[in-house]
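Pasting query16.txt here (compact mmCIF, C-alpha atoms):
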```txt
# COMPACT_ATOMS: atom_id res chain seq x y z
CA MET A 30 14.17 -2.71 -19.17
CA LYS A 31 15.04 0.11 -16.79
CA ILE A 32 14.78 -0.27 -13.03
CA SER A 33 12.44 2.72 -13.10
CA GLU A 34 9.93 0.76 -15.21
CA ILE A 35 9.66 -1.92 -12.53
CA THR A 36 9.49 0.49 -9.59
CA LYS A 37 6.87 2.56 -11.41
CA GLU A 38 4.61 -0.48 -11.68
CA LEU A 39 5.14 -1.37 -8.02
CA GLU A 40 4.30 2.19 -6.99
CA SER A 41 1.18 2.24 -9.15
CA PHE A 42 -0.06 -0.63 -6.95
CA ALA A 43 1.35 0.60 -3.63
CA PRO A 44 2.09 4.35 -3.89
CA LEU A 45 4.95 5.62 -1.76
CA ALA A 46 2.55 8.26 -0.42
CA TYR A 47 0.80 5.48 1.51
CA GLN A 48 3.82 4.52 3.61
CA GLU A 49 3.85 5.48 7.28
CA SER A 50 5.75 8.61 8.32
CA TYR A 51 8.46 6.57 10.07
CA ASP A 52 9.07 4.32 7.05
CA ASN A 53 11.76 4.38 4.34
CA ALA A 54 10.22 2.69 1.31
CA GLY A 55 11.53 3.33 -2.21
CA LEU A 56 14.85 2.95 -3.99
CA LEU A 57 17.55 2.69 -1.32
CA THR A 58 20.67 2.01 -3.43
CA GLY A 59 21.44 2.19 -7.12
CA SER A 60 19.91 4.29 -9.87
CA ALA A 61 16.44 4.12 -11.36
CA SER A 62 18.02 4.75 -14.77
CA TRP A 63 20.09 1.55 -14.70
CA GLU A 64 19.22 -1.25 -17.06
CA CYS A 65 17.74 -4.07 -14.99
CA THR A 66 19.33 -7.47 -15.49
CA GLY A 67 16.93 -9.36 -13.23
CA VAL A 68 14.95 -9.15 -9.99
CA VAL A 69 15.03 -11.14 -6.75
CA CYS A 70 12.03 -10.82 -4.41
CA THR A 71 12.60 -11.14 -0.68
CA LEU A 72 11.38 -10.05 2.74
CA ASP A 73 14.83 -8.84 3.81
CA ALA A 74 17.70 -7.54 1.66
CA THR A 75 20.44 -9.24 3.66
CA LEU A 76 24.00 -9.79 2.42
CA GLU A 77 23.16 -13.42 1.61
CA VAL A 78 20.20 -12.37 -0.55
CA LEU A 79 22.31 -9.81 -2.38
CA GLN A 80 24.99 -12.42 -3.04
CA GLU A 81 22.30 -14.79 -4.31
CA ALA A 82 20.96 -12.12 -6.66
CA ASN A 83 24.42 -11.20 -7.92
CA ALA A 84 25.25 -14.86 -8.61
CA ALA A 85 22.01 -15.13 -10.61
CA GLY A 86 22.88 -12.05 -12.66
CA ALA A 87 20.13 -9.91 -11.10
CA ASN A 88 20.98 -6.33 -10.12
CA LEU A 89 17.68 -5.44 -8.43
CA VAL A 90 16.51 -6.79 -5.08
CA VAL A 91 12.91 -5.94 -4.20
CA ALA A 92 12.43 -6.32 -0.44
CA HIS A 93 9.50 -5.79 1.86
CA HIS A 94 11.61 -4.50 4.76
CA PRO A 95 13.93 -1.51 4.17
CA ILE A 96 17.49 -2.55 4.99
CA LEU A 97 18.23 1.16 5.45
CA PHE A 98 15.62 2.20 7.99
CA LYS A 99 17.21 4.74 10.30
CA GLY A 100 19.79 7.37 9.56
CA ILE A 101 23.40 6.19 9.62
CA THR A 102 26.54 8.33 9.83
CA LYS A 103 29.18 5.72 9.02
CA ILE A 104 29.32 2.70 6.69
CA THR A 105 32.16 0.52 8.01
CA GLY A 106 30.59 -2.93 7.81
CA LYS A 107 30.16 -3.28 11.56
CA ASN A 108 26.66 -4.82 11.27
CA TYR A 109 24.42 -6.64 8.81
CA VAL A 110 22.93 -3.39 7.48
CA GLU A 111 26.28 -1.86 6.63
CA GLU A 112 27.59 -5.13 5.17
CA ALA A 113 24.62 -5.30 2.81
CA LEU A 114 24.94 -1.66 1.77
CA ILE A 115 28.67 -1.95 1.07
CA TYR A 116 28.11 -5.08 -1.02
CA ALA A 117 25.26 -3.48 -2.98
CA ILE A 118 27.26 -0.34 -3.74
CA LYS A 119 30.46 -2.18 -4.70
CA ASN A 120 28.55 -4.48 -7.04
CA ASP A 121 26.24 -1.87 -8.59
CA MET A 122 23.11 -3.46 -7.17
CA ALA A 123 19.84 -1.67 -6.55
CA ILE A 124 17.75 -2.31 -3.44
CA TYR A 125 14.11 -1.28 -3.52
CA ALA A 126 11.88 -1.46 -0.42
CA ILE A 127 8.09 -1.65 -0.55
CA HIS A 128 7.06 -1.76 3.09
CA THR A 129 4.14 -0.11 4.89
CA ASN A 130 2.75 1.17 1.60
CA LEU A 131 2.33 -2.49 0.60
CA ASP A 132 0.85 -3.23 4.04
CA ASN A 133 -1.67 -0.41 3.73
CA VAL A 134 -3.12 -0.97 0.25
CA TRP A 135 -6.04 -3.23 -0.56
CA GLY A 136 -4.69 -6.38 -2.20
CA GLY A 137 -1.39 -6.02 -0.34
CA VAL A 138 0.25 -7.96 2.48
CA ASN A 139 -2.81 -8.26 4.71
CA SER A 140 -5.07 -9.27 1.83
CA VAL A 141 -2.73 -12.20 1.12
CA ILE A 142 -2.82 -13.25 4.77
CA ALA A 143 -6.62 -13.12 4.69
CA GLN A 144 -6.66 -15.31 1.57
CA LYS A 145 -4.43 -17.89 3.25
CA MET A 146 -6.92 -18.06 6.12
CA GLY A 147 -9.87 -18.34 3.75
CA LEU A 148 -11.51 -15.16 5.06
CA THR A 149 -14.49 -13.65 3.24
CA HIS A 150 -16.33 -10.30 3.48
CA CYS A 151 -13.01 -8.57 4.17
CA LYS A 152 -12.48 -4.88 4.75
CA ILE A 153 -9.75 -2.59 6.08
CA LEU A 154 -9.65 -2.70 9.89
CA GLN A 155 -8.35 0.86 10.39
CA PRO A 156 -8.98 2.92 7.23
CA LYS A 157 -6.90 6.06 6.78
CA LYS A 158 -8.41 9.50 6.42
CA SER A 159 -7.28 12.76 4.83
CA LEU A 160 -5.90 10.96 1.76
CA LEU A 161 -8.53 12.27 -0.64
CA THR A 162 -9.30 15.58 -2.35
CA LYS A 163 -12.37 16.76 -4.24
CA LEU A 164 -11.70 18.57 -7.51
CA VAL A 165 -14.42 20.95 -8.71
CA THR A 166 -14.14 22.56 -12.14
CA PHE A 167 -16.35 24.24 -14.72
CA VAL A 168 -16.35 23.46 -18.42
CA PRO A 169 -18.40 24.56 -21.45
CA THR A 170 -21.11 21.92 -21.76
CA PRO A 171 -20.10 20.75 -25.28
CA GLN A 172 -16.60 19.87 -23.95
CA LEU A 173 -17.88 18.04 -20.87
CA GLY A 174 -17.02 14.59 -22.24
CA GLN A 175 -13.44 15.34 -23.23
CA VAL A 176 -12.62 16.88 -19.85
CA GLN A 177 -14.22 14.00 -17.94
CA GLU A 178 -12.24 11.47 -19.96
CA ALA A 179 -9.00 13.31 -19.23
CA LEU A 180 -9.74 13.46 -15.50
CA PHE A 181 -10.58 9.75 -15.35
CA ALA A 182 -7.52 8.74 -17.39
CA ALA A 183 -5.27 10.73 -15.02
CA GLY A 184 -6.53 8.78 -12.00
CA SER A 185 -9.54 10.58 -10.57
CA GLY A 186 -13.06 9.25 -10.00
CA ASN A 187 -12.14 5.99 -8.25
CA ILE A 188 -14.17 5.05 -5.16
CA GLY A 189 -13.70 1.50 -3.89
CA GLU A 190 -14.72 -0.94 -6.61
CA TYR A 191 -16.14 1.84 -8.78
CA SER A 192 -14.29 3.94 -11.35
CA GLU A 193 -15.19 6.97 -13.49
CA THR A 194 -17.42 8.37 -10.73
CA SER A 195 -18.32 12.04 -10.92
CA PHE A 196 -21.13 14.52 -10.38
CA SER A 197 -22.22 17.15 -12.90
CA SER A 198 -24.66 20.07 -12.72
CA GLY A 199 -25.44 22.86 -15.18
CA GLY A 200 -25.26 26.64 -14.82
CA ILE A 201 -24.16 29.90 -16.39
CA GLY A 202 -20.56 31.08 -16.28
CA THR A 203 -19.51 34.71 -16.91
CA PHE A 204 -16.14 36.22 -17.75
CA ARG A 205 -14.56 39.21 -19.46
CA GLY A 206 -11.06 38.98 -20.84
CA SER A 207 -8.53 41.81 -20.89
CA ALA A 208 -7.08 43.22 -24.07
CA LEU A 209 -4.21 40.73 -23.69
CA SER A 210 -6.48 37.69 -23.37
CA ASN A 211 -7.16 35.12 -26.06
CA PRO A 212 -10.53 33.62 -25.09
CA THR A 213 -11.79 30.40 -26.65
CA ILE A 214 -15.28 31.86 -26.57
CA GLY A 215 -16.16 35.53 -26.96
CA THR A 216 -14.23 38.74 -27.49
CA PRO A 217 -11.62 40.48 -25.28
CA GLY A 218 -13.16 43.33 -23.32
CA VAL A 219 -16.72 42.00 -23.61
CA ARG A 220 -18.45 40.14 -20.78
CA GLU A 221 -19.60 36.74 -21.97
CA GLN A 222 -22.19 34.29 -20.62
CA VAL A 223 -21.63 30.61 -21.34
CA GLU A 224 -23.60 27.49 -20.50
CA GLU A 225 -21.20 25.53 -18.36
CA THR A 226 -21.24 22.26 -16.45
CA ARG A 227 -19.79 21.92 -12.97
CA ILE A 228 -17.82 18.67 -12.57
CA GLU A 229 -16.90 17.14 -9.21
CA VAL A 230 -14.50 14.19 -8.87
CA ILE A 231 -12.61 12.52 -6.03
CA LEU A 232 -8.85 11.99 -6.36
CA PRO A 233 -6.03 10.65 -4.18
CA ASN A 234 -3.87 13.47 -2.84
CA TYR A 235 -0.65 12.10 -4.31
CA LEU A 236 -2.05 12.38 -7.86
CA GLU A 237 -3.17 15.99 -7.48
CA HIS A 238 -0.48 17.57 -9.68
CA GLN A 239 -0.86 15.17 -12.60
CA ILE A 240 -4.67 15.37 -12.52
CA VAL A 241 -4.64 19.18 -12.50
CA ALA A 242 -2.14 19.09 -15.38
CA ALA A 243 -4.46 16.76 -17.31
CA LEU A 244 -7.39 19.08 -16.59
CA LYS A 245 -5.55 22.09 -17.98
CA GLU A 246 -4.43 20.14 -21.04
CA ALA A 247 -7.96 18.98 -21.90
CA HIS A 248 -9.87 22.13 -20.93
CA PRO A 249 -10.70 24.55 -23.76
CA TYR A 250 -10.31 27.71 -21.68
CA GLU A 251 -7.15 29.82 -21.54
CA GLU A 252 -7.60 30.15 -17.77
CA VAL A 253 -9.13 27.14 -16.04
CA ALA A 254 -11.22 27.69 -12.90
CA TYR A 255 -11.01 24.84 -10.39
CA ASP A 256 -11.17 24.19 -6.65
CA LEU A 257 -9.23 21.58 -4.66
CA ILE A 258 -11.06 20.69 -1.45
CA PRO A 259 -9.28 18.48 1.14
CA LEU A 260 -11.54 15.71 2.46
CA ASN A 261 -11.52 14.11 5.88
CA ASN A 262 -13.32 11.01 4.56
CA LEU A 263 -11.98 7.57 5.41
CA ASN A 264 -10.38 5.85 2.43
CA GLN A 265 -11.80 2.33 2.64
CA GLN A 266 -9.10 1.00 0.28
CA VAL A 267 -6.10 2.17 2.31
CA GLY A 268 -5.25 1.51 5.93
CA SER A 269 -3.96 -0.89 8.56
CA GLY A 270 -5.03 -4.48 9.05
CA ILE A 271 -7.99 -6.39 7.67
CA ILE A 272 -11.07 -7.92 9.26
CA GLY A 273 -13.06 -10.71 7.67
CA GLN A 274 -15.02 -13.87 8.38
CA LEU A 275 -14.31 -17.57 8.25
CA GLN A 276 -16.75 -19.38 5.99
CA SER A 277 -18.19 -21.10 9.05
CA PRO A 278 -17.59 -20.85 12.82
CA MET A 279 -14.70 -22.89 14.25
CA GLU A 280 -13.59 -24.01 17.67
CA GLU A 281 -10.72 -21.90 18.98
CA LYS A 282 -8.22 -24.77 18.93
CA ALA A 283 -9.30 -25.71 15.41
CA PHE A 284 -8.54 -22.15 14.30
CA LEU A 285 -5.14 -22.29 15.99
CA ASN A 286 -4.49 -25.51 14.06
CA LEU A 287 -5.49 -23.72 10.85
CA LEU A 288 -2.92 -21.03 11.59
CA THR A 289 -0.28 -23.62 12.36
CA ASN A 290 -0.87 -25.48 9.11
CA GLN A 291 -1.27 -22.49 6.78
CA PHE A 292 1.75 -20.60 8.07
CA GLY A 293 4.04 -23.53 8.98
CA LEU A 294 4.23 -22.52 12.62
CA LYS A 295 6.18 -24.25 15.36
CA LEU A 296 4.21 -22.44 18.04
CA VAL A 297 1.62 -19.72 18.59
CA LYS A 298 1.70 -17.33 21.53
CA HIS A 299 -1.81 -16.30 22.51
CA THR A 300 -4.01 -14.92 25.27
CA PRO A 301 -6.34 -17.28 27.18
CA LEU A 302 -8.94 -19.02 25.07
CA LEU A 303 -12.49 -17.88 25.77
CA GLY A 304 -14.28 -21.18 25.22
CA LYS A 305 -16.44 -20.09 22.31
CA LYS A 306 -16.56 -20.59 18.57
CA VAL A 307 -14.86 -18.01 16.41
CA GLN A 308 -15.70 -16.62 12.98
CA LYS A 309 -14.76 -12.93 12.80
CA ILE A 310 -11.00 -12.60 12.42
CA ALA A 311 -8.83 -9.46 12.45
CA ILE A 312 -5.28 -9.63 11.11
CA CYS A 313 -2.18 -7.49 10.67
CA GLY A 314 1.08 -8.71 9.17
CA GLY A 315 4.15 -7.77 11.17
CA ALA A 316 3.92 -5.69 14.35
CA GLY A 317 0.21 -4.95 14.84
CA SER A 318 -0.43 -4.46 18.55
CA PHE A 319 -1.65 -0.90 17.85
CA LEU A 320 -4.75 -2.47 16.25
CA ILE A 321 -5.93 -4.57 19.22
CA LYS A 322 -8.47 -1.95 20.29
CA ASP A 323 -9.73 -1.61 16.71
CA ALA A 324 -10.16 -5.38 16.50
CA ILE A 325 -12.18 -5.36 19.73
CA ALA A 326 -14.32 -2.45 18.52
CA ALA A 327 -15.00 -4.31 15.26
CA GLY A 328 -16.25 -7.36 17.19
CA ALA A 329 -13.42 -9.69 16.20
CA ASP A 330 -13.15 -13.08 17.91
CA PHE A 331 -9.42 -13.41 17.13
CA PHE A 332 -6.68 -10.90 16.35
CA VAL A 333 -3.73 -12.45 14.53
CA SER A 334 -0.51 -10.47 14.29
CA ALA A 335 3.10 -10.48 15.54
CA ASP A 336 5.60 -8.78 17.85
CA ILE A 337 3.04 -8.49 20.66
CA LYS A 338 4.74 -7.36 23.87
CA TYR A 339 3.96 -8.86 27.27
CA HIS A 340 1.81 -6.00 28.55
CA GLU A 341 0.05 -5.66 25.20
CA PHE A 342 -1.43 -9.13 25.58
CA PHE A 343 -3.38 -7.75 28.55
CA ASP A 344 -5.19 -5.39 26.15
CA ALA A 345 -7.27 -8.34 24.93
CA ASN A 346 -9.05 -8.13 28.30
CA ASN A 347 -11.12 -11.26 27.55
CA HIS A 348 -12.86 -9.53 24.63
CA LEU A 349 -11.05 -11.64 22.06
CA VAL A 350 -8.05 -13.92 21.63
CA VAL A 351 -4.81 -12.26 20.54
CA ALA A 352 -2.46 -14.61 18.67
CA ASP A 353 1.18 -13.80 17.89
CA ILE A 354 2.38 -16.03 15.03
CA GLY A 355 5.77 -14.36 14.47
CA HIS A 356 6.86 -11.46 12.27
CA TRP A 357 8.51 -13.42 9.45
CA GLU A 358 5.81 -16.08 9.59
CA SER A 359 2.99 -13.56 9.20
CA GLU A 360 4.63 -11.86 6.20
CA GLN A 361 6.29 -14.82 4.46
CA TYR A 362 3.79 -14.85 1.57
CA THR A 363 4.78 -11.28 0.69
CA ILE A 364 7.55 -12.81 -1.45
CA GLU A 365 4.91 -14.53 -3.56
CA LEU A 366 2.95 -11.27 -3.77
CA LEU A 367 5.97 -9.31 -5.03
CA PHE A 368 6.78 -12.03 -7.55
CA SER A 369 3.20 -11.99 -8.80
CA LEU A 370 3.03 -8.19 -9.07
CA ILE A 371 6.18 -8.00 -11.18
CA THR A 372 5.62 -11.06 -13.39
CA SER A 373 2.04 -10.03 -14.16
CA LYS A 374 3.39 -6.83 -15.73
CA PHE A 375 6.62 -8.26 -17.15
CA PRO A 376 5.89 -11.94 -17.90
CA ASN A 377 9.04 -12.49 -19.98
CA PHE A 378 11.49 -10.88 -17.56
CA ALA A 379 13.85 -12.68 -15.17
CA VAL A 380 12.15 -12.53 -11.77
CA LEU A 381 13.15 -14.88 -8.95
CA LYS A 382 12.03 -15.61 -5.40
CA THR A 383 14.86 -15.78 -2.90
CA THR A 384 15.82 -19.18 -1.54
CA VAL A 385 17.56 -17.60 1.46
CA GLN A 386 15.81 -18.06 4.79
CA THR A 387 16.06 -14.54 6.24
CA ASN A 388 14.08 -15.15 9.44
CA PRO A 389 16.51 -14.28 12.28
CA VAL A 390 14.36 -16.09 14.88
CA ARG A 391 14.88 -19.74 15.76
CA TYR A 392 12.80 -21.93 18.09
CA PHE A 393 14.13 -24.45 20.57
CA LEU A 394 11.56 -26.99 21.65
CA GLY A 395 13.17 -28.77 24.58
```

Is it possible to express this structure as structure tokens?
Amino acid sequence: MKISEITKELESFAPLAYQESYDNAGLLTGSASWECTGVVCTLDATLEVLQEANAAGANLVVAHHPILFKGITKITGKNYVEEALIYAIKNDMAIYAIHTNLDNVWGGVNSVIAQKMGLTHCKILQPKKSLLTKLVTFVPTPQLGQVQEALFAAGSGNIGEYSETSFSSGGIGTFRGSALSNPTIGTPGVREQVEETRIEVILPNYLEHQIVAALKEAHPYEEVAYDLIPLNNLNQQVGSGIIGQLQSPMEEKAFLNLLTNQFGLKLVKHTPLLGKKVQKIAICGGAGSFLIKDAIAAGADFFVSADIKYHEFFDANNHLVVADIGHWESEQYTIELLFSLITSKFPNFAVLKTTVQTNPVRYFLG
């Protein structure tokens, strides 16, 4: 088992292309070509987690948060980041981060939070746009099926819960090859007319090169005509936060109790209660204050997130209740998600969940 095999599966679920521009997801230390001796899943790749993994004989730590986030010019061990990096390098340990790309995909961090709250009818709160491209190509009608199959197998034609979606229309194609051409149909130097079918499929931008390569491999023509058209459509499967509904309306304090019980909270910081029942809930694991306006626009009764600053609480403006449950607390079930993603693909491989409590925040209740 190579480390690359594990990271490839993780990236097929949460592509690196879906991370935010400020992020640093991916392989941070080590080599993808190393043989993997075991995996430890964690939120934070701290020195203690690395030591735990090393003691267990695991040389790959899969973390949600990138331990190497900003550029560094010296590695002298002066802080927890440099200590962890030095230990990983000295002990030939790989650190892999799967951060905002795991936040942004459907079924990722926010989906798990929604499940823990029992939310139904969920959808992305702030879908991302400009992540999709339309591919248009033309193929001799008898070869329509083989080209479609190749396009679908390479990753095109997926829209939400539907796969193998495409549009086809017939027409007449013309071409004349030069004396150096080797046409599949017709004779060099003679203009040909061929019954062709126009195929249109949607594809994610990050798969463009492999899908075009698959098209050229499956297409019968020596020169393949195709168009790539950037789309501004919202991708409903990728984006920030989630909004969903409780199965039945609850009193505000009852919902706060639900949060306390499901996430093991010692306290919840929140804006003033509005004295009404709540059912529509918006969520964002980690720091999500940038979504408060989206939650209001979507008609949410509660917005549950973390790292809300003092002045950001004012943004609720009595439209909804904003609840800050803590960064680690909101994302704690990500460890289970990572464990599940890896073991579902490699059921007989050594995958562990860290036992180290990496939350740097403590609460004093005087």

Next item on the list: Go ahead and compute the interatomic distance for CA of Leu209 in chain A and CA of Val176 in chain A, in Å to one decimal.
Entry: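 Result for CA of Leu209 in chain A versus CA of Val176 in chain A: 25.6 Å, one decimal.
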
Next item on the list: Quick one: everything within 7 Å of range 88-102 of chain A, counting all atoms listed in the file, minus sequence neighbours fewer than 6 positions away in the same chain. Send it as number ranges by chain.
Entry: A: 52-54, 57, 65-74, 82, 110, 122-128

Just write the chosen residues, C-alpha atoms, as a short mmCIF file (atom, residue, chain, number, x, y, z; two decimals), in the frame of the given file.
```
data_model
loop_
_atom_site.label_atom_id
_atom_site.label_comp_id
_atom_site.auth_asym_id
_atom_site.auth_seq_id
_atom_site.Cartn_x
_atom_site.Cartn_y
_atom_site.Cartn_z
CA ASP A 52 9.07 4.32 7.05
CA ASN A 53 11.76 4.38 4.34
CA ALA A 54 10.22 2.69 1.31
CA LEU A 57 17.55 2.69 -1.32
CA CYS A 65 17.74 -4.07 -14.99
CA THR A 66 19.33 -7.47 -15.49
CA GLY A 67 16.93 -9.36 -13.23
CA VAL A 68 14.95 -9.15 -9.99
CA VAL A 69 15.03 -11.14 -6.75
CA CYS A 70 12.03 -10.82 -4.41
CA THR A 71 12.60 -11.14 -0.68
CA LEU A 72 11.38 -10.05 2.74
CA ASP A 73 14.83 -8.84 3.81
CA ALA A 74 17.70 -7.54 1.66
CA ALA A 82 20.96 -12.12 -6.66
CA VAL A 110 22.93 -3.39 7.48
CA MET A 122 23.11 -3.46 -7.17
CA ALA A 123 19.84 -1.67 -6.55
CA ILE A 124 17.75 -2.31 -3.44
CA TYR A 125 14.11 -1.28 -3.52
CA ALA A 126 11.88 -1.46 -0.42
CA ILE A 127 8.09 -1.65 -0.55
CA HIS A 128 7.06 -1.76 3.09
#
```

Residues around (-19.0, 23.2, -18.4), cut-off 7 Å, counting all atoms listed in the file - what are they as an mmCIF file with C-alpha atoms, in the frame of the given file?
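Ended up saving to selection-v7.cif:
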```
data_model
loop_
_atom_site.group_PDB
_atom_site.id
_atom_site.type_symbol
_atom_site.label_atom_id
_atom_site.label_comp_id
_atom_site.auth_asym_id
_atom_site.auth_seq_id
_atom_site.Cartn_x
_atom_site.Cartn_y
_atom_site.Cartn_z
ATOM 1 C CA PHE A 167 -16.350 24.240 -14.720
ATOM 2 C CA VAL A 168 -16.350 23.460 -18.420
ATOM 3 C CA PRO A 169 -18.400 24.560 -21.450
ATOM 4 C CA THR A 170 -21.110 21.920 -21.760
ATOM 5 C CA GLN A 172 -16.600 19.870 -23.950
ATOM 6 C CA LEU A 173 -17.880 18.040 -20.870
ATOM 7 C CA GLU A 224 -23.600 27.490 -20.500
ATOM 8 C CA GLU A 225 -21.200 25.530 -18.360
ATOM 9 C CA THR A 226 -21.240 22.260 -16.450
ATOM 10 C CA ARG A 227 -19.790 21.920 -12.970
#
```

Using all atoms listed in the file, what does the table of range 217-292 of chain A residues within 10 Å of range 346-360 of chain A look like, with each row giving the shortest atom pair and its distance in Å to one decimal, sorted by chain and ascending number, as CSV?
```
residue,atom,partner,partner_atom,distance
A:Glu281,CA,A:Val350,CA,8.8
A:Leu285,CA,A:Ala352,CA,8.6
A:Leu288,CA,A:Ile354,CA,8.1
A:Thr289,CA,A:Ile354,CA,8.5
A:Gln291,CA,A:Glu358,CA,10.0
A:Phe292,CA,A:Glu358,CA,6.3
```

Checklist line | Atomic distance CA of Ile231 in chain A - CA of Thr213 in chain A, expressed in Å with one decimal | finding: 27.3 Å

Next item on the list: Name all residues at most 12 Å from Pro44 in chain A (count all atoms listed in the file; drop same-chain ones fewer than 6 positions away) and give them as a ChimeraX atom specification.
Entry: /A:36-38,54-55,126-135,137,160,233-236,267

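Reported to one decimal place, the separation of CA of Val219 in chain A from CA of His248 in chain A is 21.2 Å.
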
Range 382-391 of chain A: axis-aligned bounding box, 5 Å on each side, centre and edge lengths in Å, one decimal, as AutoDock Vina command-line options:
```
--center_x 14.8 --center_y -17.0 --center_z 5.2 --size_x 15.5 --size_y 15.5 --size_z 31.2
```

Item checked: From A:His238, A:Lys322, A:Arg205, A:Lys282, residue lying nearest Arg220 in chain A [only C-alpha atoms] -> A:Arg205

Check: For Ala335 in chain A, which residue among A:Ile153, A:Leu76, A:Gln266, A:Gly317 is the nearest when counting only C-alpha atoms?
Finding: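 Closest to Ala335 in chain A of all the choices is A:Gly317.
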
Next item on the list: Rank nothing, just name the residue among A:Thr58, A:Asn264, A:Ser210, A:Ser185 nearest to Val241 in chain A, using all atoms listed in the file.
Entry: A:Ser185

Notebook entry, point to check: If I put a ball of radius 7 Å at (-12.6, 21.1, -6.9) in the file's coordinates, which residues poke into it when counting all atoms listed in the file, written as a PyMOL selection string?
Noted result: chain A and resi 163-166+229+255-258
